[in-house]
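Novice: Sharing query.pdb, PDB, C-alpha atoms and all ligand atoms:
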ATOM      1  CA  MET L1090       9.042-123.173  -3.488
ATOM      2  CA  GLU L1091      10.805-120.257  -1.795
ATOM      3  CA  TRP L1092       8.866-118.295   0.815
ATOM      4  CA  THR L1093       9.482-115.708   3.451
ATOM      5  CA  PHE L1094       6.821-114.738   5.968
ATOM      6  CA  PRO L1095       6.712-111.044   6.775
ATOM      7  CA  ARG L1096       4.710-110.012   9.827
ATOM      8  CA  PHE L1097       1.400-108.101   9.666
ATOM      9  CA  SER L1098      -0.677-106.581  12.429
ATOM     10  CA  THR L1099      -3.761-108.765  12.932
ATOM     11  CA  GLY L1100      -6.251-105.875  12.919
ATOM     12  CA  ARG L1101      -4.823-104.276   9.789
ATOM     13  CA  LEU L1102      -4.784-107.586   7.994
ATOM     14  CA  ALA L1103      -8.402-108.357   8.919
ATOM     15  CA  ALA L1104      -9.465-104.881   7.743
ATOM     16  CA  SER L1105      -7.513-105.246   4.490
ATOM     17  CA  ILE L1106      -9.098-108.642   3.777
ATOM     18  CA  ALA L1107     -12.566-107.277   4.628
ATOM     19  CA  LYS L1108     -12.075-104.321   2.240
ATOM     20  CA  GLY L1109     -10.707-106.556  -0.508
ATOM     21  CA  VAL L1110      -7.355-104.716  -0.474
ATOM     22  CA  VAL L1111      -5.726-108.074   0.305
ATOM     23  CA  LEU L1112      -7.162-111.313  -1.017
ATOM     24  CA  ARG L1113      -7.405-114.099   1.541
ATOM     25  CA  GLU L1114      -5.845-116.569  -0.894
ATOM     26  CA  ASP L1115      -2.814-114.299  -1.330
ATOM     27  CA  VAL L1116      -1.734-114.532   2.308
ATOM     28  CA  PHE L1117      -0.478-117.444   4.355
ATOM     29  CA  LEU L1118      -2.025-117.271   7.823
ATOM     30  CA  GLN L1119      -0.303-119.019  10.665
ATOM     31  CA  THR L1120      -1.096-118.752  14.357
ATOM     32  CA  LYS L1121      -0.543-120.720  17.539
ATOM     33  CA  TYR L1122      -2.023-122.240  20.646
ATOM     34  CA  THR L1123       0.051-121.186  23.673
ATOM     35  CA  PHE L1124      -0.145-122.810  27.092
ATOM     36  CA  ARG L1125      -1.032-120.551  30.039
ATOM     37  CA  ARG L1126       2.602-120.095  31.086
ATOM     38  CA  GLY L1127       3.502-118.418  27.785
ATOM     39  CA  GLN L1128       0.484-116.095  27.662
ATOM     40  CA  ASP L1129       0.233-112.517  28.840
ATOM     41  CA  HIS L1130      -2.938-110.855  30.208
ATOM     42  CA  ARG L1131      -4.707-111.093  26.810
ATOM     43  CA  LEU L1132      -5.674-114.684  27.445
ATOM     44  CA  PRO L1133      -7.723-116.029  24.506
ATOM     45  CA  TYR L1134      -9.308-118.848  26.538
ATOM     46  CA  ASP L1135     -10.660-119.762  29.929
ATOM     47  CA  PRO L1136      -7.587-120.942  31.894
ATOM     48  CA  LYS L1137      -9.803-123.235  33.993
ATOM     49  CA  ALA L1138     -11.110-125.055  30.934
ATOM     50  CA  ALA L1139      -9.659-128.418  29.937
ATOM     51  CA  ILE L1140      -6.807-128.208  27.407
ATOM     52  CA  PRO L1141      -8.918-129.321  24.396
ATOM     53  CA  GLU L1142     -11.444-126.578  25.170
ATOM     54  CA  GLN L1143      -8.654-124.021  25.561
ATOM     55  CA  VAL L1144      -7.303-124.959  22.149
ATOM     56  CA  GLU L1145     -10.757-124.658  20.600
ATOM     57  CA  GLN L1146     -11.386-121.266  22.280
ATOM     58  CA  SER L1147      -7.950-119.964  21.333
ATOM     59  CA  PHE L1148      -8.423-121.047  17.734
ATOM     60  CA  ALA L1149     -11.885-119.427  17.571
ATOM     61  CA  SER L1150     -10.373-116.214  18.955
ATOM     62  CA  SER L1151      -7.701-116.237  16.210
ATOM     63  CA  LEU L1152     -10.325-116.707  13.499
ATOM     64  CA  ALA L1153     -12.356-113.824  14.936
ATOM     65  CA  HIS L1154      -9.345-111.489  15.178
ATOM     66  CA  LEU L1155      -8.233-112.284  11.674
ATOM     67  CA  GLY L1156     -11.758-112.167  10.281
ATOM     68  CA  VAL L1157     -11.311-115.465   8.425
ATOM     69  CA  GLU L1158     -12.839-118.939   8.503
ATOM     70  CA  ARG L1159      -9.697-120.900   7.943
ATOM     71  CA  ILE L1160      -6.060-120.815   9.038
ATOM     72  CA  ASP L1161      -3.297-122.139   6.811
ATOM     73  CA  SER L1162      -1.049-123.382   9.582
ATOM     74  CA  TYR L1163      -1.824-123.877  13.264
ATOM     75  CA  LEU L1164       1.108-124.378  15.611
ATOM     76  CA  LEU L1165       1.622-125.606  19.139
ATOM     77  CA  HIS L1166       3.698-122.685  20.462
ATOM     78  CA  GLY L1167       5.872-124.856  22.651
ATOM     79  CA  PRO L1168       5.747-127.998  24.781
ATOM     80  CA  THR L1169       5.051-127.759  28.500
ATOM     81  CA  SER L1170       8.440-129.194  29.452
ATOM     82  CA  SER L1171      11.910-129.299  27.935
ATOM     83  CA  ASN L1172      11.982-133.084  28.301
ATOM     84  CA  GLY L1173       9.643-135.251  26.281
ATOM     85  CA  LEU L1174       5.954-134.658  25.737
ATOM     86  CA  THR L1175       3.489-134.489  28.610
ATOM     87  CA  ALA L1176      -0.187-135.470  28.755
ATOM     88  CA  ASP L1177      -1.049-131.767  28.299
ATOM     89  CA  ASP L1178       1.084-131.556  25.154
ATOM     90  CA  TRP L1179      -0.722-134.566  23.741
ATOM     91  CA  ALA L1180      -4.126-133.191  24.738
ATOM     92  CA  ALA L1181      -3.330-129.981  22.864
ATOM     93  CA  TRP L1182      -2.050-131.842  19.819
ATOM     94  CA  ARG L1183      -5.115-134.125  19.690
ATOM     95  CA  ALA L1184      -7.362-131.034  19.867
ATOM     96  CA  MET L1185      -5.368-129.481  17.038
ATOM     97  CA  GLU L1186      -5.821-132.680  15.013
ATOM     98  CA  THR L1187      -9.595-132.331  15.550
ATOM     99  CA  ILE L1188      -9.436-128.743  14.252
ATOM    100  CA  HIS L1189      -7.465-129.980  11.256
ATOM    101  CA  ASP L1190     -10.074-132.700  10.636
ATOM    102  CA  SER L1191     -12.780-130.029  10.596
ATOM    103  CA  GLY L1192     -10.986-128.245   7.733
ATOM    104  CA  ARG L1193     -10.457-125.042   9.725
ATOM    105  CA  ALA L1194      -6.654-125.479   9.786
ATOM    106  CA  ARG L1195      -5.060-126.666   6.581
ATOM    107  CA  MET L1196      -1.801-127.758   8.229
ATOM    108  CA  LEU L1197      -0.443-128.271  11.749
ATOM    109  CA  GLY L1198       2.954-127.640  13.215
ATOM    110  CA  VAL L1199       5.004-127.107  16.345
ATOM    111  CA  SER L1200       7.369-124.490  17.684
ATOM    112  CA  ASN L1201      10.246-124.467  20.160
ATOM    113  CA  PHE L1202      10.536-128.254  19.935
ATOM    114  CA  GLN L1203      13.723-130.182  20.642
ATOM    115  CA  ILE L1204      14.733-133.068  18.436
ATOM    116  CA  GLU L1205      13.525-135.814  20.836
ATOM    117  CA  GLN L1206      10.145-134.121  21.209
ATOM    118  CA  LEU L1207       9.773-133.873  17.478
ATOM    119  CA  GLN L1208      10.661-137.549  17.070
ATOM    120  CA  GLN L1209       8.075-138.548  19.686
ATOM    121  CA  LEU L1210       5.401-136.406  18.109
ATOM    122  CA  CYS L1211       6.039-137.740  14.615
ATOM    123  CA  GLU L1212       5.896-141.337  15.897
ATOM    124  CA  LYS L1213       2.462-140.991  17.481
ATOM    125  CA  ALA L1214       0.708-138.099  15.750
ATOM    126  CA  ARG L1215      -2.317-138.984  13.681
ATOM    127  CA  VAL L1216      -1.891-135.742  11.738
ATOM    128  CA  ARG L1217       1.824-135.237  11.339
ATOM    129  CA  PRO L1218       3.350-131.784  11.808
ATOM    130  CA  ARG L1219       3.978-129.995   8.525
ATOM    131  CA  PHE L1220       6.064-127.211  10.115
ATOM    132  CA  VAL L1221       8.620-126.797  12.848
ATOM    133  CA  GLN L1222       9.237-123.207  13.905
ATOM    134  CA  ASN L1223      12.374-122.843  16.026
ATOM    135  CA  ARG L1224      14.772-120.142  17.170
ATOM    136  CA  CYS L1225      17.786-120.636  14.973
ATOM    137  CA  TYR L1226      21.120-120.236  16.754
ATOM    138  CA  ALA L1227      24.273-120.301  14.661
ATOM    139  CA  GLY L1228      25.978-121.697  17.777
ATOM    140  CA  LEU L1229      23.811-124.827  17.489
ATOM    141  CA  GLY L1230      24.703-125.340  13.841
ATOM    142  CA  TRP L1231      21.647-123.254  12.932
ATOM    143  CA  ASP L1232      19.503-125.901  14.674
ATOM    144  CA  GLY L1233      21.181-128.525  12.499
ATOM    145  CA  GLN L1234      19.786-131.659  14.178
ATOM    146  CA  VAL L1235      16.186-130.509  13.962
ATOM    147  CA  ARG L1236      16.644-129.300  10.394
ATOM    148  CA  GLU L1237      18.113-132.659   9.390
ATOM    149  CA  PHE L1238      15.151-134.465  10.951
ATOM    150  CA  CYS L1239      12.826-132.135   9.042
ATOM    151  CA  ARG L1240      14.652-132.765   5.777
ATOM    152  CA  VAL L1241      14.417-136.550   6.149
ATOM    153  CA  HIS L1242      10.789-136.536   7.314
ATOM    154  CA  ASP L1243       9.411-133.968   4.904
ATOM    155  CA  VAL L1244       8.686-131.346   7.560
ATOM    156  CA  VAL L1245       9.210-127.690   6.625
ATOM    157  CA  TYR L1246      11.551-125.814   8.950
ATOM    158  CA  GLN L1247      10.789-122.175   9.799
ATOM    159  CA  GLY L1248      13.727-120.397  11.422
ATOM    160  CA  PHE L1249      13.157-117.351  13.616
ATOM    161  CA  SER L1250      15.450-114.876  15.366
ATOM    162  CA  LEU L1251      17.984-115.438  12.610
ATOM    163  CA  LEU L1252      19.168-111.856  13.155
ATOM    164  CA  THR L1253      18.519-111.250  16.831
ATOM    165  CA  ALA L1254      19.893-114.592  18.113
ATOM    166  CA  ASN L1255      23.111-114.308  16.122
ATOM    167  CA  ARG L1256      24.439-110.792  16.657
ATOM    168  CA  SER L1257      28.108-111.757  16.960
ATOM    169  CA  ILE L1258      28.000-113.625  13.637
ATOM    170  CA  LEU L1259      26.290-110.651  12.019
ATOM    171  CA  ALA L1260      29.203-108.482  13.127
ATOM    172  CA  ALA L1261      31.867-110.805  11.703
ATOM    173  CA  LYS L1262      34.251-109.315   9.108
ATOM    174  CA  GLN L1263      33.945-112.385   6.908
ATOM    175  CA  LEU L1264      30.183-111.876   6.670
ATOM    176  CA  ALA L1265      30.709-108.211   5.746
ATOM    177  CA  ARG L1266      33.050-109.375   2.969
ATOM    178  CA  ILE L1267      30.416-111.817   1.652
ATOM    179  CA  ALA L1268      27.786-109.055   1.737
ATOM    180  CA  ALA L1269      30.107-106.640  -0.118
ATOM    181  CA  ARG L1270      30.877-109.273  -2.768
ATOM    182  CA  HIS L1271      27.153-109.660  -3.511
ATOM    183  CA  GLN L1272      26.337-105.973  -2.924
ATOM    184  CA  ARG L1273      23.724-107.025  -0.371
ATOM    185  CA  THR L1274      23.072-106.232   3.258
ATOM    186  CA  ILE L1275      24.093-108.603   6.021
ATOM    187  CA  PRO L1276      20.442-109.485   6.861
ATOM    188  CA  GLN L1277      19.931-110.334   3.179
ATOM    189  CA  ILE L1278      22.945-112.654   3.279
ATOM    190  CA  ILE L1279      21.575-114.390   6.393
ATOM    191  CA  PHE L1280      18.109-114.842   4.866
ATOM    192  CA  ARG L1281      19.628-116.081   1.607
ATOM    193  CA  PHE L1282      21.774-118.551   3.566
ATOM    194  CA  ALA L1283      18.659-119.763   5.410
ATOM    195  CA  ILE L1284      16.789-120.319   2.148
ATOM    196  CA  GLN L1285      19.708-122.201   0.587
ATOM    197  CA  ALA L1286      19.905-124.312   3.774
ATOM    198  CA  GLY L1287      16.268-125.323   3.198
ATOM    199  CA  MET L1288      14.576-123.103   5.791
ATOM    200  CA  ILE L1289      11.739-120.643   5.542
ATOM    201  CA  PRO L1290      13.275-117.594   7.215
ATOM    202  CA  LEU L1291      10.873-115.693   9.465
ATOM    203  CA  THR L1292      11.496-112.090  10.283
ATOM    204  CA  GLY L1293       9.587-108.945  11.083
ATOM    205  CA  THR L1294      10.236-105.233  10.871
ATOM    206  CA  THR L1295       8.428-101.969  11.363
ATOM    207  CA  ASP L1296      10.501-100.375   8.592
ATOM    208  CA  PRO L1297       9.016-100.717   5.067
ATOM    209  CA  ALA L1298      12.429-100.300   3.408
ATOM    210  CA  GLN L1299      13.878-103.096   5.543
ATOM    211  CA  MET L1300      10.886-105.278   4.752
ATOM    212  CA  ARG L1301      11.377-104.765   1.032
ATOM    213  CA  ALA L1302      15.078-105.549   1.398
ATOM    214  CA  ASP L1303      14.365-108.664   3.490
ATOM    215  CA  LEU L1304      12.111-109.981   0.717
ATOM    216  CA  ASP L1305      14.579-109.133  -2.030
ATOM    217  CA  VAL L1306      16.687-112.266  -1.647
ATOM    218  CA  PHE L1307      15.541-114.487  -4.484
ATOM    219  CA  ASP L1308      17.758-113.296  -7.320
ATOM    220  CA  PHE L1309      21.230-114.197  -6.126
ATOM    221  CA  HIS L1310      23.051-117.273  -4.850
ATOM    222  CA  LEU L1311      25.723-117.747  -2.250
ATOM    223  CA  GLU L1312      28.701-119.846  -3.293
ATOM    224  CA  PRO L1313      29.340-123.175  -1.531
ATOM    225  CA  ALA L1314      32.386-121.732   0.278
ATOM    226  CA  GLU L1315      30.255-118.839   1.538
ATOM    227  CA  THR L1316      27.420-121.051   2.813
ATOM    228  CA  ALA L1317      30.004-123.357   4.392
ATOM    229  CA  TRP L1318      31.551-120.428   6.253
ATOM    230  CA  ILE L1319      28.178-119.190   7.524
ATOM    231  CA  ALA L1320      27.074-122.729   8.444
ATOM    232  CA  GLY L1321      30.142-123.176  10.640
ATOM    233  CA  ALA L1322      30.420-119.606  11.881
ATOM    234  CA  GLY L1323      28.854-120.127  15.283
ATOM    235  CA  THR L1324      30.639-123.351  16.188
ATOM    236  CA  PRO L1325      34.170-123.571  17.616
TER     237      PRO L1325
HETATM  238  N1  LIG L1401       7.611-119.400  17.925
HETATM  239  C1  LIG L1401       8.126-118.503  18.724
HETATM  240  O1  LIG L1401       8.265-118.733  19.944
HETATM  241  C2  LIG L1401       8.583-117.188  18.181
HETATM  242  C3  LIG L1401       9.298-116.294  18.980
HETATM  243  C4  LIG L1401       9.749-115.101  18.415
HETATM  244  C5  LIG L1401       9.466-114.817  17.093
HETATM  245  N2  LIG L1401       8.749-115.716  16.345
HETATM  246  C6  LIG L1401       8.403-115.417  14.937
HETATM  247  O2  LIG L1401       9.527-115.072  14.216
HETATM  248  C7  LIG L1401       9.337-113.789  13.603
HETATM  249  C8  LIG L1401      10.654-113.051  13.586
HETATM  250  O3  LIG L1401      11.281-113.127  14.851
HETATM  251  P1  LIG L1401      12.418-112.167  15.321
HETATM  252  O4  LIG L1401      11.828-110.854  15.628
HETATM  253  O5  LIG L1401      13.184-112.857  16.374
HETATM  254  O6  LIG L1401      13.274-112.035  13.947
HETATM  255  P2  LIG L1401      14.639-111.381  13.614
HETATM  256  O7  LIG L1401      14.678-111.319  12.110
HETATM  257  O8  LIG L1401      15.779-112.055  14.297
HETATM  258  O9  LIG L1401      14.573-109.916  14.223
HETATM  259  C9  LIG L1401      13.708-108.925  13.822
HETATM  260  C10 LIG L1401      14.385-107.604  14.231
HETATM  261  O10 LIG L1401      15.390-107.354  13.287
HETATM  262  C11 LIG L1401      15.139-106.115  12.678
HETATM  263  N3  LIG L1401      15.325-106.223  11.222
HETATM  264  C12 LIG L1401      14.567-106.893  10.331
HETATM  265  N4  LIG L1401      15.049-106.730   9.089
HETATM  266  C13 LIG L1401      16.136-105.915   9.213
HETATM  267  C14 LIG L1401      17.062-105.364   8.292
HETATM  268  N5  LIG L1401      16.962-105.619   7.000
HETATM  269  N6  LIG L1401      18.055-104.584   8.771
HETATM  270  C15 LIG L1401      18.164-104.323  10.082
HETATM  271  N7  LIG L1401      17.316-104.812  11.019
HETATM  272  C16 LIG L1401      16.315-105.599  10.578
HETATM  273  C17 LIG L1401      13.740-105.693  12.972
HETATM  274  O11 LIG L1401      13.767-104.319  12.992
HETATM  275  P3  LIG L1401      12.711-103.200  13.437
HETATM  276  O12 LIG L1401      13.098-102.937  14.859
HETATM  277  O13 LIG L1401      12.966-102.073  12.530
HETATM  278  O14 LIG L1401      11.337-103.747  13.319
HETATM  279  C18 LIG L1401      13.455-106.430  14.270
HETATM  280  O15 LIG L1401      13.824-105.629  15.386
HETATM  281  C19 LIG L1401       8.265-113.122  14.438
HETATM  282  O16 LIG L1401       7.565-112.177  13.699
HETATM  283  C20 LIG L1401       7.407-114.288  14.829
HETATM  284  O17 LIG L1401       6.510-114.584  13.774
HETATM  285  C21 LIG L1401       8.327-116.875  16.853
END
Using the file provided, produce a representation of the structure as structure tokens.
Specialist:
Amino acid sequence: MEWTFPRFSTGRLAASIAKGVVLREDVFLQTKYTFRRGQDHRLPYDPKAAIPEQVEQSFASSLAHLGVERIDSYLLHGPTSSNGLTADDWAAWRAMETIHDSGRARMLGVSNFQIEQLQQLCEKARVRPRFVQNRCYAGLGWDGQVREFCRVHDVVYQGFSLLTANRSILAAKQLARIAARHQRTIPQIIFRFAIQAGMIPLTGTTDPAQMRADLDVFDFHLEPAETAWIAGAGTP
């Protein structure tokens, strides 16, 4: 299946679902639990509460904002440390597993995880992550190690900042030539590359024309030489 996830404002989406303009089953809802350090002033939980309670409060807040009873995918926004998984990470994951057990989150996932952290999680998780959502740098082989782990272990990789993290690649003449050959824009070429590489490309825009263009990437294919060039573009 080929998906892209455009971004909606939470309030508008809730209102559209409530009015029946958008059917709940037609949208894929994904949200996250974020540790205190990554939150701004709009904290959706009591910071003094234990981690499992924070996760539960944060999840309840998401359901209320979205006006729904069930989330399709619930993510851990990022681990507390860049090395390994801490007791707090595990406490959050176990609380997320409990939410999954209750049927309120159909699938679980993680974000901003390094390969070792993903390996550790998959070894000991009772409910395995279905998604990994990572910033996708061309300079790191488009997060090649993590994507390979996902491919082997049947985890779906969501790549974000495909445009904003890779501005020098986007400006490359070779990429402009590929875009001209297919009569597509450079963002369309990047999203098409991501899909052919097995990712779900995430993006967001305030411009309806750009959003339509970003979604219009399912009726052409990049040639192997073109994907090979893009795959290697960020590495020396
Ligand atoms: N897990 C995490 O920690 C994390 C962090 C960041 C983002 N994310 C997720 O990833 C999604 C996308 O992230 P991102 O913003 O970094 O994505 P991105 O695709 O790299 O950048 C989006 C930016 O590119 C612009 N853009 C989109 N389509 C375009 C087009 N066709 N032509 C020209 N410009 C275009 C947008 O324009 P406008 O200025 O016109 O809107 C926006 O400023 C977010 O919505 C979020 O769901 C996750």
Novice: Got a sec to check which residues lie within 10 Å of ligand LIG 1401 (chain L), using all atoms listed in the file, and send them as an mmCIF file with C-alpha atoms, in the frame of the given file?
Specialist:
data_model
loop_
_atom_site.group_PDB
_atom_site.id
_atom_site.type_symbol
_atom_site.label_atom_id
_atom_site.label_comp_id
_atom_site.auth_asym_id
_atom_site.auth_seq_id
_atom_site.Cartn_x
_atom_site.Cartn_y
_atom_site.Cartn_z
ATOM 1 C CA PHE L 1094 6.821 -114.738 5.968
ATOM 2 C CA PRO L 1095 6.712 -111.044 6.775
ATOM 3 C CA ARG L 1096 4.710 -110.012 9.827
ATOM 4 C CA PHE L 1097 1.400 -108.101 9.666
ATOM 5 C CA GLN L 1119 -0.303 -119.019 10.665
ATOM 6 C CA THR L 1120 -1.096 -118.752 14.357
ATOM 7 C CA LYS L 1121 -0.543 -120.720 17.539
ATOM 8 C CA THR L 1123 0.051 -121.186 23.673
ATOM 9 C CA GLY L 1127 3.502 -118.418 27.785
ATOM 10 C CA LEU L 1164 1.108 -124.378 15.611
ATOM 11 C CA LEU L 1165 1.622 -125.606 19.139
ATOM 12 C CA HIS L 1166 3.698 -122.685 20.462
ATOM 13 C CA GLY L 1167 5.872 -124.856 22.651
ATOM 14 C CA VAL L 1199 5.004 -127.107 16.345
ATOM 15 C CA SER L 1200 7.369 -124.490 17.684
ATOM 16 C CA ASN L 1201 10.246 -124.467 20.160
ATOM 17 C CA PHE L 1202 10.536 -128.254 19.935
ATOM 18 C CA VAL L 1221 8.620 -126.797 12.848
ATOM 19 C CA GLN L 1222 9.237 -123.207 13.905
ATOM 20 C CA ASN L 1223 12.374 -122.843 16.026
ATOM 21 C CA ARG L 1224 14.772 -120.142 17.170
ATOM 22 C CA CYS L 1225 17.786 -120.636 14.973
ATOM 23 C CA GLN L 1247 10.789 -122.175 9.799
ATOM 24 C CA GLY L 1248 13.727 -120.397 11.422
ATOM 25 C CA PHE L 1249 13.157 -117.351 13.616
ATOM 26 C CA SER L 1250 15.450 -114.876 15.366
ATOM 27 C CA LEU L 1251 17.984 -115.438 12.610
ATOM 28 C CA LEU L 1252 19.168 -111.856 13.155
ATOM 29 C CA THR L 1253 18.519 -111.250 16.831
ATOM 30 C CA ALA L 1254 19.893 -114.592 18.113
ATOM 31 C CA ASN L 1255 23.111 -114.308 16.122
ATOM 32 C CA ARG L 1256 24.439 -110.792 16.657
ATOM 33 C CA THR L 1274 23.072 -106.232 3.258
ATOM 34 C CA ILE L 1275 24.093 -108.603 6.021
ATOM 35 C CA PRO L 1276 20.442 -109.485 6.861
ATOM 36 C CA GLN L 1277 19.931 -110.334 3.179
ATOM 37 C CA ILE L 1278 22.945 -112.654 3.279
ATOM 38 C CA ILE L 1279 21.575 -114.390 6.393
ATOM 39 C CA PHE L 1280 18.109 -114.842 4.866
ATOM 40 C CA PRO L 1290 13.275 -117.594 7.215
ATOM 41 C CA LEU L 1291 10.873 -115.693 9.465
ATOM 42 C CA THR L 1292 11.496 -112.090 10.283
ATOM 43 C CA GLY L 1293 9.587 -108.945 11.083
ATOM 44 C CA THR L 1294 10.236 -105.233 10.871
ATOM 45 C CA THR L 1295 8.428 -101.969 11.363
ATOM 46 C CA ASP L 1296 10.501 -100.375 8.592
ATOM 47 C CA PRO L 1297 9.016 -100.717 5.067
ATOM 48 C CA ALA L 1298 12.429 -100.300 3.408
ATOM 49 C CA GLN L 1299 13.878 -103.096 5.543
ATOM 50 C CA MET L 1300 10.886 -105.278 4.752
ATOM 51 C CA ARG L 1301 11.377 -104.765 1.032
ATOM 52 C CA ALA L 1302 15.078 -105.549 1.398
ATOM 53 C CA ASP L 1303 14.365 -108.664 3.490
ATOM 54 C CA LEU L 1304 12.111 -109.981 0.717
ATOM 55 C CA ASP L 1305 14.579 -109.133 -2.030
#
Novice: Taking the file as I've supplied it (selection: the PyMOL selection byres (((chain L and resi 1263) around 12) and not hetatm)), which residues are included? Please answer as a PDB file with C-alpha atoms, in the frame of the given file.
Specialist:
ATOM      1  CA  SER L1257      28.108-111.757  16.960  1.00  0.00           C
ATOM      2  CA  ILE L1258      28.000-113.625  13.637  1.00  0.00           C
ATOM      3  CA  LEU L1259      26.290-110.651  12.019  1.00  0.00           C
ATOM      4  CA  ALA L1260      29.203-108.482  13.127  1.00  0.00           C
ATOM      5  CA  ALA L1261      31.867-110.805  11.703  1.00  0.00           C
ATOM      6  CA  LYS L1262      34.251-109.315   9.108  1.00  0.00           C
ATOM      7  CA  LEU L1264      30.183-111.876   6.670  1.00  0.00           C
ATOM      8  CA  ALA L1265      30.709-108.211   5.746  1.00  0.00           C
ATOM      9  CA  ARG L1266      33.050-109.375   2.969  1.00  0.00           C
ATOM     10  CA  ILE L1267      30.416-111.817   1.652  1.00  0.00           C
ATOM     11  CA  ALA L1268      27.786-109.055   1.737  1.00  0.00           C
ATOM     12  CA  ALA L1269      30.107-106.640  -0.118  1.00  0.00           C
ATOM     13  CA  ARG L1270      30.877-109.273  -2.768  1.00  0.00           C
ATOM     14  CA  ILE L1275      24.093-108.603   6.021  1.00  0.00           C
ATOM     15  CA  ILE L1278      22.945-112.654   3.279  1.00  0.00           C
ATOM     16  CA  ALA L1314      32.386-121.732   0.278  1.00  0.00           C
ATOM     17  CA  GLU L1315      30.255-118.839   1.538  1.00  0.00           C
ATOM     18  CA  THR L1316      27.420-121.051   2.813  1.00  0.00           C
ATOM     19  CA  ALA L1317      30.004-123.357   4.392  1.00  0.00           C
ATOM     20  CA  TRP L1318      31.551-120.428   6.253  1.00  0.00           C
ATOM     21  CA  ILE L1319      28.178-119.190   7.524  1.00  0.00           C
ATOM     22  CA  ALA L1322      30.420-119.606  11.881  1.00  0.00           C
TER      23      ALA L1322
END
Novice: With distances taken over only C-alpha atoms, which residue among L:Tyr1163, L:Trp1179, L:Phe1117, L:Tyr1122 lies nearest L:Lys1213?
Specialist: L:Trp1179
Novice: The centre and edge lengths of an axis-aligned box containing all atoms of stretch 1117-1121 of chain L present in the file, extended by 4 Å on each side, are to be given in Å to one decimal, as lines of an AutoDock Vina configuration file.
Specialist:
center_x = -1.2
center_y = -119.0
center_z = 10.9
size_x = 9.7
size_y = 11.4
size_z = 21.2
Novice: Could you tell me which of L:Val1157, L:Leu1112, L:Cys1211, L:Met1196 comes closest to L:Val1241 if we count all atoms listed in the file?
Specialist: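 Answer, going by the shortest atom-to-atom distance: L:Cys1211.
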Novice: Check which residues satisfy the PyMOL selection byres (((chain L and resi 1145) around 12) and not hetatm) in the file shown, then give them as a ChimeraX atom specification.
Specialist: /L:1121-1123,1133-1135,1138-1144,1146-1152,1163,1180-1189,1191,1193-1194
Novice: Can you give me, as a PDB file with C-alpha atoms, in the coordinates of the input, the residues this file yields under the PyMOL selection byres (((chain L and resi 1220) around 6) and not hetatm)?
Specialist:
ATOM      1  CA  GLY L1198       2.954-127.640  13.215  1.00  0.00           C
ATOM      2  CA  PRO L1218       3.350-131.784  11.808  1.00  0.00           C
ATOM      3  CA  ARG L1219       3.978-129.995   8.525  1.00  0.00           C
ATOM      4  CA  VAL L1221       8.620-126.797  12.848  1.00  0.00           C
ATOM      5  CA  VAL L1244       8.686-131.346   7.560  1.00  0.00           C
ATOM      6  CA  VAL L1245       9.210-127.690   6.625  1.00  0.00           C
ATOM      7  CA  TYR L1246      11.551-125.814   8.950  1.00  0.00           C
TER       8      TYR L1246
END
Novice: State, in Å with one decimal place, the distance from atom CA of L:Ile1204 to atom CA of L:Gly1233.
Specialist: 9.9 Å
Novice: Given the choices L:Cys1239, L:Ala1214, L:Arg1125, L:Ile1106, which gets closest to L:Lys1137 if the distance is worked out from all atoms listed in the file?
Specialist: L:Arg1125
Novice: For L:Arg1195, find every residue with an atom within 7 Å (counting all atoms listed in the file), except residues of its own chain fewer than 5 positions away, and show them as a list in words.
Specialist: Ile1160, Asp1161, Ser1162 and His1189 of chain L
Novice: For the point (11.6, -139.0, 23.3) in file coordinates, what residues are within 8 Å, counting only C-alpha atoms? Give the answer as a count of residues only?
Specialist: 8
Novice: Between L:Gly1323, L:Leu1197, L:Arg1131, L:Phe1309, which one has atoms that come closest to L:Ile1284, using all atoms listed in the file?
Specialist: L:Phe1309
Novice: May I ask for the distance between atom CA of L:Phe1238 and atom CA of L:Gln1285, given in Å to one decimal place?
Specialist: 16.7 Å
